[in-house]
Structure formats: C-alpha cells, structure tokens
$ cat protein-v7.csv   # CSV, C-alpha atoms
chain,number,residue,atom,x,y,z
A,265,MET,CA,0.0,0.0,0.0
A,266,LEU,CA,1.2,3.5,-0.8
A,267,LYS,CA,-0.3,6.9,-0.2
A,268,GLY,CA,-2.6,8.2,-2.9
A,269,ILE,CA,-2.1,5.1,-5.1
A,270,ASP,CA,-5.1,2.8,-5.8
A,271,PRO,CA,-4.4,-0.5,-4.0
A,272,LEU,CA,-5.4,-2.5,-7.1
A,273,LEU,CA,-2.2,-1.2,-8.7
A,274,THR,CA,0.0,-4.0,-7.3
A,275,PRO,CA,3.7,-3.7,-7.1
A,276,GLU,CA,4.2,-5.5,-10.4
A,277,LEU,CA,1.4,-3.7,-12.2
A,278,LEU,CA,2.7,-0.3,-11.0
A,279,LYS,CA,6.2,-1.1,-12.2
A,280,VAL,CA,4.9,-2.2,-15.6
A,281,LEU,CA,2.7,0.9,-16.1
A,282,CYS,CA,5.6,3.1,-15.0
A,283,GLU,CA,8.0,1.4,-17.4
A,284,MET,CA,5.8,2.1,-20.4
A,285,GLY,CA,6.7,5.0,-22.6
A,286,HIS,CA,4.9,7.2,-25.1
A,287,GLY,CA,2.8,5.1,-27.6
A,288,ASP,CA,3.1,1.8,-25.6
A,289,GLU,CA,-0.2,0.1,-25.1
A,290,VAL,CA,-1.7,-1.9,-22.2
A,291,VAL,CA,-4.6,-4.2,-22.6
A,292,PHE,CA,-7.2,-4.7,-19.9
A,293,ALA,CA,-9.1,-7.9,-20.6
A,294,ASP,CA,-11.9,-10.1,-19.4
A,295,ALA,CA,-11.5,-13.4,-17.6
A,296,ASN,CA,-11.8,-15.5,-20.7
A,297,PHE,CA,-9.4,-13.5,-22.9
A,298,THR,CA,-6.4,-15.5,-24.3
A,299,ALA,CA,-4.0,-13.5,-22.3
A,300,GLU,CA,-1.2,-16.0,-21.9
A,301,THR,CA,-1.1,-17.0,-25.6
A,302,LEU,CA,-1.4,-13.5,-27.0
A,303,GLY,CA,0.8,-12.3,-24.2
A,304,ARG,CA,3.8,-14.5,-24.9
A,305,GLY,CA,6.9,-12.4,-24.5
A,306,LYS,CA,4.9,-9.7,-22.8
A,307,HIS,CA,4.0,-9.0,-19.2
A,308,VAL,CA,0.8,-10.7,-18.2
A,309,ILE,CA,-0.6,-9.6,-14.9
A,310,ARG,CA,-3.8,-10.8,-13.2
A,311,LEU,CA,-6.4,-9.0,-11.2
A,312,PRO,CA,-8.8,-11.9,-10.2
A,313,GLY,CA,-12.1,-11.0,-8.8
A,314,VAL,CA,-11.9,-7.4,-10.1
A,315,ASP,CA,-14.4,-6.3,-12.7
A,316,LEU,CA,-13.2,-4.5,-15.8
A,317,ALA,CA,-14.5,-1.0,-15.0
A,318,ARG,CA,-13.0,-1.1,-11.5
A,319,ALA,CA,-9.7,-2.2,-12.9
A,320,CYS,CA,-9.8,0.5,-15.6
A,321,ALA,CA,-10.6,3.1,-12.9
A,322,ALA,CA,-7.4,2.1,-11.1
A,323,LEU,CA,-5.4,2.3,-14.4
A,324,LEU,CA,-6.7,5.7,-15.3
A,325,SER,CA,-5.9,7.2,-11.9
A,326,VAL,CA,-2.2,7.1,-12.9
A,327,PHE,CA,-2.1,6.4,-16.7
A,328,PRO,CA,-1.9,9.4,-19.1
A,329,LEU,CA,-3.7,8.6,-22.4
A,330,ASP,CA,-2.0,9.6,-25.7
A,331,ALA,CA,-3.2,13.0,-26.8
A,332,ALA,CA,-1.1,12.7,-30.0
A,333,VAL,CA,-3.4,10.2,-31.7
A,334,ALA,CA,-7.1,10.6,-32.7
A,335,ARG,CA,-8.1,7.4,-30.9
A,336,PRO,CA,-5.9,6.4,-27.9
A,337,VAL,CA,-8.3,3.7,-26.9
A,338,ALA,CA,-9.5,0.6,-28.7
A,339,TYR,CA,-11.9,-2.2,-27.7
A,340,MET,CA,-13.3,-5.4,-29.0
A,341,LYS,CA,-16.8,-5.2,-30.5
A,342,VAL,CA,-19.5,-7.6,-29.4
A,343,CYS,CA,-19.5,-10.3,-32.2
A,344,GLU,CA,-22.5,-10.4,-34.5
A,345,SER,CA,-24.2,-7.5,-32.7
A,346,PRO,CA,-26.3,-4.8,-34.4
A,347,VAL,CA,-24.2,-1.9,-35.7
A,348,GLY,CA,-23.4,0.5,-32.8
A,349,PHE,CA,-24.2,-2.0,-30.1
A,350,VAL,CA,-22.2,-1.3,-26.9
A,351,SER,CA,-22.5,-3.7,-24.0
A,352,GLY,CA,-23.0,-2.6,-20.4
A,353,VAL,CA,-19.5,-3.1,-19.4
A,354,GLN,CA,-18.2,-1.4,-22.5
A,355,GLN,CA,-20.5,1.6,-21.7
A,356,ALA,CA,-19.2,1.7,-18.2
A,357,VAL,CA,-15.6,2.0,-19.4
A,358,LEU,CA,-16.5,4.5,-22.0
A,359,ALA,CA,-18.3,6.6,-19.4
A,360,LEU,CA,-15.3,6.3,-17.1
A,361,LEU,CA,-13.0,7.5,-19.9
A,362,ALA,CA,-15.2,10.5,-20.5
A,363,ARG,CA,-15.4,11.3,-16.8
A,364,THR,CA,-11.8,10.9,-15.8
A,365,SER,CA,-9.8,11.4,-18.9
A,366,ALA,CA,-11.8,13.6,-21.2
A,367,ILE,CA,-11.9,10.9,-23.8
A,368,ALA,CA,-15.1,10.9,-25.8
A,369,PRO,CA,-16.6,7.6,-27.1
A,370,ALA,CA,-15.6,8.7,-30.7
A,371,GLN,CA,-12.0,8.6,-29.6
A,372,CYS,CA,-12.4,4.9,-28.8
A,373,GLU,CA,-12.0,2.5,-31.7
A,374,ALA,CA,-14.4,-0.5,-31.8
A,375,LEU,CA,-12.5,-3.4,-33.5
A,376,ASP,CA,-13.6,-6.9,-34.6
A,377,ARG,CA,-12.3,-9.7,-32.5
A,378,PHE,CA,-9.4,-10.6,-34.8
A,379,ALA,CA,-8.5,-7.0,-35.5
A,380,PHE,CA,-8.3,-6.5,-31.8
A,381,TYR,CA,-6.0,-9.6,-31.5
A,382,GLU,CA,-3.7,-7.9,-34.1
A,383,ARG,CA,-3.7,-4.8,-31.9
A,384,VAL,CA,-2.8,-6.8,-28.9
A,385,GLN,CA,0.4,-8.1,-30.7
A,386,LEU,CA,1.8,-4.6,-30.2
A,387,ALA,CA,0.9,-4.3,-26.5
A,388,TYR,CA,3.5,-4.0,-23.8
A,389,ALA,CA,1.4,-5.8,-21.2
A,390,ILE,CA,-1.9,-7.5,-20.7
A,391,VAL,CA,-3.9,-7.2,-17.5
A,392,GLN,CA,-6.4,-10.0,-17.1
A,393,THR,CA,-9.2,-8.9,-14.8
A,394,GLY,CA,-11.9,-11.1,-13.3
A,395,GLU,CA,-14.6,-9.6,-15.6
A,396,ARG,CA,-17.2,-12.2,-16.3
A,397,GLN,CA,-19.0,-10.4,-19.1
A,398,PRO,CA,-17.6,-11.4,-22.5
A,399,TRP,CA,-16.3,-8.9,-25.1
A,400,ALA,CA,-14.8,-6.8,-22.3
A,401,ASN,CA,-11.3,-6.0,-23.7
A,402,PHE,CA,-9.8,-2.6,-24.0
A,403,SER,CA,-6.4,-1.4,-25.1
A,404,PHE,CA,-5.0,2.0,-23.9
A,405,LYS,CA,-2.2,3.9,-25.5
A,406,LYS,CA,0.1,5.8,-23.1
A,407,GLY,CA,0.7,9.5,-23.5
A,408,VAL,CA,3.2,11.9,-22.0
A,409,ILE,CA,3.5,14.0,-18.8
A,410,ALA,CA,5.8,16.8,-19.9
A,411,ASP,CA,6.9,20.2,-19.1
A,412,ALA,CA,6.1,23.0,-21.5
A,413,LEU,CA,8.7,23.6,-24.2
A,414,THR,CA,11.0,26.6,-23.6
B,207,MET,CA,6.0,8.6,-16.0
B,208,LEU,CA,2.6,8.3,-14.3
B,209,LYS,CA,0.1,10.9,-13.3
B,210,GLY,CA,0.6,12.2,-9.7
B,211,ILE,CA,3.6,10.1,-9.1
B,212,ASP,CA,7.0,11.7,-8.5
B,213,PRO,CA,9.2,10.7,-11.5
B,214,LEU,CA,12.1,10.0,-9.2
B,215,LEU,CA,10.1,6.9,-8.2
B,216,THR,CA,11.3,4.7,-11.0
B,217,PRO,CA,9.4,1.5,-11.9
B,218,GLU,CA,11.7,-0.6,-9.8
B,219,LEU,CA,11.6,1.7,-6.8
B,220,LEU,CA,7.9,2.1,-6.9
B,221,LYS,CA,7.5,-1.7,-7.0
B,222,VAL,CA,9.8,-2.2,-4.0
B,223,LEU,CA,8.1,0.5,-1.9
B,224,CYS,CA,4.7,-0.9,-2.8
B,225,GLU,CA,5.8,-4.5,-1.9
B,226,MET,CA,6.9,-3.4,1.6
B,227,GLY,CA,4.5,-4.1,4.4
B,228,HIS,CA,3.9,-2.8,7.9
B,229,GLY,CA,7.2,-2.5,9.8
B,230,ASP,CA,9.5,-3.0,6.8
B,231,GLU,CA,12.2,-0.4,6.5
B,232,VAL,CA,13.8,1.3,3.6
B,233,VAL,CA,17.2,3.0,3.9
B,234,PHE,CA,18.0,6.2,1.9
B,235,ALA,CA,21.7,6.6,1.8
B,236,ASP,CA,24.5,8.9,0.6
B,237,ALA,CA,26.8,8.2,-2.4
B,238,ASN,CA,29.5,6.7,-0.2
B,239,PHE,CA,27.4,4.3,1.8
B,240,THR,CA,28.3,0.6,1.6
B,241,ALA,CA,25.0,-0.1,0.0
B,242,GLU,CA,25.9,-3.3,-2.0
B,243,THR,CA,27.8,-5.0,0.9
B,244,LEU,CA,25.2,-4.2,3.5
B,245,GLY,CA,22.5,-4.8,1.0
B,246,ARG,CA,23.4,-8.4,0.0
B,247,GLY,CA,20.1,-10.3,-0.4
B,248,LYS,CA,18.2,-7.0,-0.4
B,249,HIS,CA,17.0,-4.7,-3.1
B,250,VAL,CA,19.6,-2.1,-3.9
B,251,ILE,CA,18.3,0.8,-6.1
B,252,ARG,CA,20.3,3.8,-7.3
B,253,LEU,CA,19.3,7.4,-7.8
B,254,PRO,CA,22.6,8.9,-9.1
B,255,GLY,CA,22.8,12.7,-9.2
B,256,VAL,CA,19.9,13.1,-6.8
B,257,ASP,CA,20.5,14.7,-3.4
B,258,LEU,CA,19.2,13.0,-0.2
B,259,ALA,CA,16.5,15.5,0.7
B,260,ARG,CA,15.1,15.4,-2.9
B,261,ALA,CA,15.0,11.7,-2.9
B,262,CYS,CA,13.4,11.6,0.6
B,263,ALA,CA,10.7,14.0,-0.7
B,264,ALA,CA,9.9,11.6,-3.5
B,265,LEU,CA,9.7,8.7,-0.9
B,266,LEU,CA,7.5,10.6,1.5
B,267,SER,CA,5.0,11.5,-1.3
B,268,VAL,CA,3.8,7.9,-1.3
B,269,PHE,CA,5.3,6.2,1.8
B,270,PRO,CA,3.3,6.1,5.1
B,271,LEU,CA,5.5,6.1,8.2
B,272,ASP,CA,4.7,3.8,11.0
B,273,ALA,CA,2.5,5.5,13.6
B,274,ALA,CA,2.7,2.4,15.8
B,275,VAL,CA,6.2,3.0,17.0
B,276,ALA,CA,7.7,6.0,18.9
B,277,ARG,CA,10.5,6.5,16.4
B,278,PRO,CA,9.7,5.4,12.8
B,279,VAL,CA,12.8,7.1,11.5
B,280,ALA,CA,16.5,6.6,12.3
B,281,TYR,CA,19.6,8.2,10.9
B,282,MET,CA,23.4,8.0,11.2
B,283,LYS,CA,25.0,10.5,13.5
B,284,VAL,CA,27.9,12.5,12.4
B,285,CYS,CA,30.9,10.7,13.9
B,286,GLU,CA,32.8,12.5,16.6
B,287,SER,CA,30.6,15.5,16.4
B,288,PRO,CA,29.4,17.6,19.5
B,289,VAL,CA,26.4,16.2,21.2
B,290,GLY,CA,23.3,17.3,19.4
B,291,PHE,CA,25.1,18.2,16.2
B,292,VAL,CA,22.9,17.8,13.1
B,293,SER,CA,24.4,18.4,9.7
B,294,GLY,CA,22.8,20.5,7.0
B,295,VAL,CA,21.5,17.6,5.0
B,296,GLN,CA,20.2,15.9,8.1
B,297,GLN,CA,18.4,19.1,9.1
B,298,ALA,CA,16.8,19.3,5.6
B,299,VAL,CA,15.4,15.8,5.9
B,300,LEU,CA,14.2,16.3,9.5
B,301,ALA,CA,12.4,19.5,8.3
B,302,LEU,CA,10.9,17.6,5.4
B,303,LEU,CA,9.6,15.0,7.8
B,304,ALA,CA,8.0,17.6,10.0
B,305,ARG,CA,6.5,19.4,7.1
B,306,THR,CA,5.1,16.5,5.0
B,307,SER,CA,4.6,13.7,7.5
B,308,ALA,CA,4.1,15.3,10.9
B,309,ILE,CA,7.1,13.6,12.3
B,310,ALA,CA,9.0,15.7,14.9
B,311,PRO,CA,12.8,15.5,15.2
B,312,ALA,CA,12.3,13.7,18.5
B,313,GLN,CA,10.7,10.8,16.6
B,314,CYS,CA,13.9,10.3,14.6
B,315,GLU,CA,16.6,8.2,16.3
B,316,ALA,CA,20.2,9.3,15.9
B,317,LEU,CA,22.4,6.2,15.8
B,318,ASP,CA,26.2,5.8,15.8
B,319,ARG,CA,27.6,4.5,12.6
B,320,PHE,CA,27.8,0.8,13.6
B,321,ALA,CA,24.5,0.9,15.3
B,322,PHE,CA,23.0,2.2,12.1
B,323,TYR,CA,24.7,-0.6,10.2
B,324,GLU,CA,22.9,-3.1,12.5
B,325,ARG,CA,19.6,-1.4,11.8
B,326,VAL,CA,20.3,-1.7,8.0
B,327,GLN,CA,20.5,-5.4,8.4
B,328,LEU,CA,16.8,-5.5,8.9
B,329,ALA,CA,16.0,-3.2,6.0
B,330,TYR,CA,14.0,-4.5,3.0
B,331,ALA,CA,15.7,-2.2,0.5
B,332,ILE,CA,18.5,0.4,0.2
B,333,VAL,CA,18.2,3.3,-2.0
B,334,GLN,CA,21.6,4.9,-2.8
B,335,THR,CA,21.2,8.5,-3.8
B,336,GLY,CA,23.9,10.8,-5.3
B,337,GLU,CA,24.2,12.7,-2.0
B,338,ARG,CA,27.8,14.0,-1.7
B,339,GLN,CA,27.6,15.1,2.0
B,340,PRO,CA,28.8,12.4,4.3
B,341,TRP,CA,26.7,11.0,7.2
B,342,ALA,CA,23.5,11.3,5.1
B,343,ASN,CA,21.8,8.0,5.8
B,344,PHE,CA,18.2,7.5,7.0
B,345,SER,CA,16.0,4.5,7.6
B,346,PHE,CA,12.2,4.8,7.3
B,347,LYS,CA,9.8,2.3,8.8
B,348,LYS,CA,6.6,1.7,6.8
B,349,GLY,CA,3.2,2.2,8.4
B,350,VAL,CA,-0.3,1.3,7.2
B,351,ILE,CA,-3.1,2.8,5.1
B,352,ALA,CA,-6.2,1.2,6.6
B,353,ASP,CA,-9.9,1.6,6.8
B,354,ALA,CA,-11.4,2.2,10.2
B,355,LEU,CA,-12.3,-0.9,12.2
B,356,THR,CA,-16.0,-1.7,12.2

$ encode --input "protein-v7.csv" --output "structure tokens"
Amino acid sequence: MLKGIDPLLTPELLKVLCEMGHGDEVVFADANFTAETLGRGKHVIRLPGVDLARACAALLSVFPLDAAVARPVAYMKVCESPVGFVSGVQQAVLALLARTSAIAPAQCEALDRFAFYERVQLAYAIVQTGERQPWANFSFKKGVIADALT
Amino acid sequence: MLKGIDPLLTPELLKVLCEMGHGDEVVFADANFTAETLGRGKHVIRLPGVDLARACAALLSVFPLDAAVARPVAYMKVCESPVGFVSGVQQAVLALLARTSAIAPAQCEALDRFAFYERVQLAYAIVQTGERQPWANFSFKKGVIADALT
C-alpha cells in the first residue's frame, strides 16, 4: 500500500505501467481472454475477482492517455451484434474515460475480434481482470507527462 | 511517467516501496554508503545525481510512516561531532519529515555508525542516492493505510 495510489495497482502492475513509454499500449481484458497465448513475451498480470470497469478506474488514476493520436483507446466489438451496439461493461468503461480522462466515445475504436488480436500483438502488457461479461477487452495507448517547451 | 507520481520513483523503486508491508524499513543513503555490501540479499536501487533531501521528498510523497512506534525514522549521527550536532542535509530531511509527515525530530533516532549498520541489516531495501555530503543516511519504517475498524 502507498499513499494516494489505488491498491489495485499491485507492485508488479505499478512497475509495468511506470516502465511504459509514449505510444506503448496496455490491454485490460476479461477473464476469458487468451491473455497468456497472446501475451507470450509480454507482461501478463492478473487481477482476479476485479471487474473491468473497476480495474480501468485504477489504471486511469495514474495512466496518461495519448493526446497525439485521434483514438488512444480501442476495444473489442461484441461479435455479430447490431451496428453501434455497446454492452453494459463497455458503456461503463467509455463513461469512465469521458469522466476521468476527457476521452469521448468517438476517440475509442471498436474493433472486430481478430483485428483486436492484431492490436494486442503490439501491446507491452496484458492485465487479465476477473470480468465475467464477454467482449470486455480494451487497449489503452500511453501519453506523456511533460513540461512545456521553452 | 505516471500521473501524480514523482518521476524519481522509478518503476523498480515504486515496485519495491509498494511491496513493503507494515514494519518493513527502507534506507535512503548517501553516495559513499556501503549499499551493496550491507544490501546483500536485499533490493539495492540507485538514484545517481539526486541529493538525499530530494530523494526523501519523493519517498514521502507515497510512503506512510509507522505510527505504531515511537520513532519510525533513524539516521546515522555525524561521527565525533558535538552532542546534538545535526548536519545541513540531516536538518533538511528532518524539516521535510516535519512538514510532510508530521514527524517531529524527537521521533527520529540518531544512531552511531555501527548501530546504524545493525539497523540496516533489517531493511527490505536500500536506495543509494547521489548525495555528496557524508553521514547522510536515513532509515524509514513503513506504516499502514487502513480503513477504520468496524
């Protein structure tokens, strides 16, 4: 435990998030996601028993999103759903992003399952939560915390 | 870099501080301290170019001190100095403790060099700063961040 730091950010997770640099991505995934297979060679960290929105709230308390790209967030679309369908857990994370990080839903890219898997190949780390709803997988691109140029 | 976290808290240091539990101690030492020898079997982390007071400010921004003991902080006395002598860098850290953590100088134990080495044996980690003043070695005991009992 540390002052002012969400206790869901375990020592290992805090280290990994702090190691990441500009443009690196971290995936927060549901409990069924193929984290270990897609995460070979990456950091795979587990938050069992923690739902996705709660885990993302912990992430966003310290993680700057990339303001240099149009869409710093991507998520996996619900398969074979009507166009524009957004599940409850996806809505919760989108609302969290709007509330805490000024990221509008239009800045979050909905990707088909296999396109999302392609995106995951580039990730630095995967955090597998305990989320029981399916299609609850997001990728977040890290931004910068910088002084003004002189 | 992470939002709201002092950038001197590197990924490795943040992990180590977060891993520590109630009663564990971390030593912040000057550039001449025998960190590797006394730190065998412990984490030894370096902050080259950073003075002790600046490094301690980063520590205290996240590290709760132990309120369950009378003296949660110890430091190495200047050898062969008049009774009560406190060096400039020691004064700076004591003032920082008073200002940021409500720890009075009387709650900080001044130890002779070899007594301090004994204390270091119990530490979880040693952080070797770039401090160039001698006798600039402090040990901090971790406290808790807890909900109220019900």

$ calpha_fit_rmsd --input "protein-v7.csv" --fixed "chain A" --moving "chain B"
0.1 Å

$ residues_around --input "protein-v7.csv" --residues "Met265 in chain A" --least-positions-apart "4" --cutoff "8 Å" --atoms "all atoms listed in the file" --output "number ranges by chain"
A: 269, 271; B: 224-227, 350-351

$ interface_residues --input "protein-v7.csv" --of "chain A" --to "chain B" --cutoff "12 Å" --atoms "all atoms listed in the file" --output "ChimeraX atom specification"
/A:265-286,322-329,365,406-410

$ residues_around --input "protein-v7.csv" --residues "Val353 in chain A" --least-positions-apart "5" --cutoff "8 Å" --atoms "all atoms listed in the file" --output "PDB file with C-alpha atoms, keeping the file's coordinate frame"
ATOM      1  CA  LEU A 316     -13.200  -4.500 -15.800  1.00  0.00           C
ATOM      2  CA  ALA A 317     -14.500  -1.000 -15.000  1.00  0.00           C
ATOM      3  CA  GLN A 397     -19.000 -10.400 -19.100  1.00  0.00           C
ATOM      4  CA  ALA A 400     -14.800  -6.800 -22.300  1.00  0.00           C
TER       5      ALA A 400
END

$ atom_distance --input "protein-v7.csv" --atom1 "CA of Asn296 in chain A" --atom2 "CA of Ile367 in chain A"
26.6 Å

$ atom_distance --input "protein-v7.csv" --atom1 "CA of Ser345 in chain B" --atom2 "CA of Ser287 in chain B"
20.3 Å

$ atom_distance --input "protein-v7.csv" --atom1 "CA of Glu286 in chain B" --atom2 "CA of Val232 in chain B"
25.6 Å
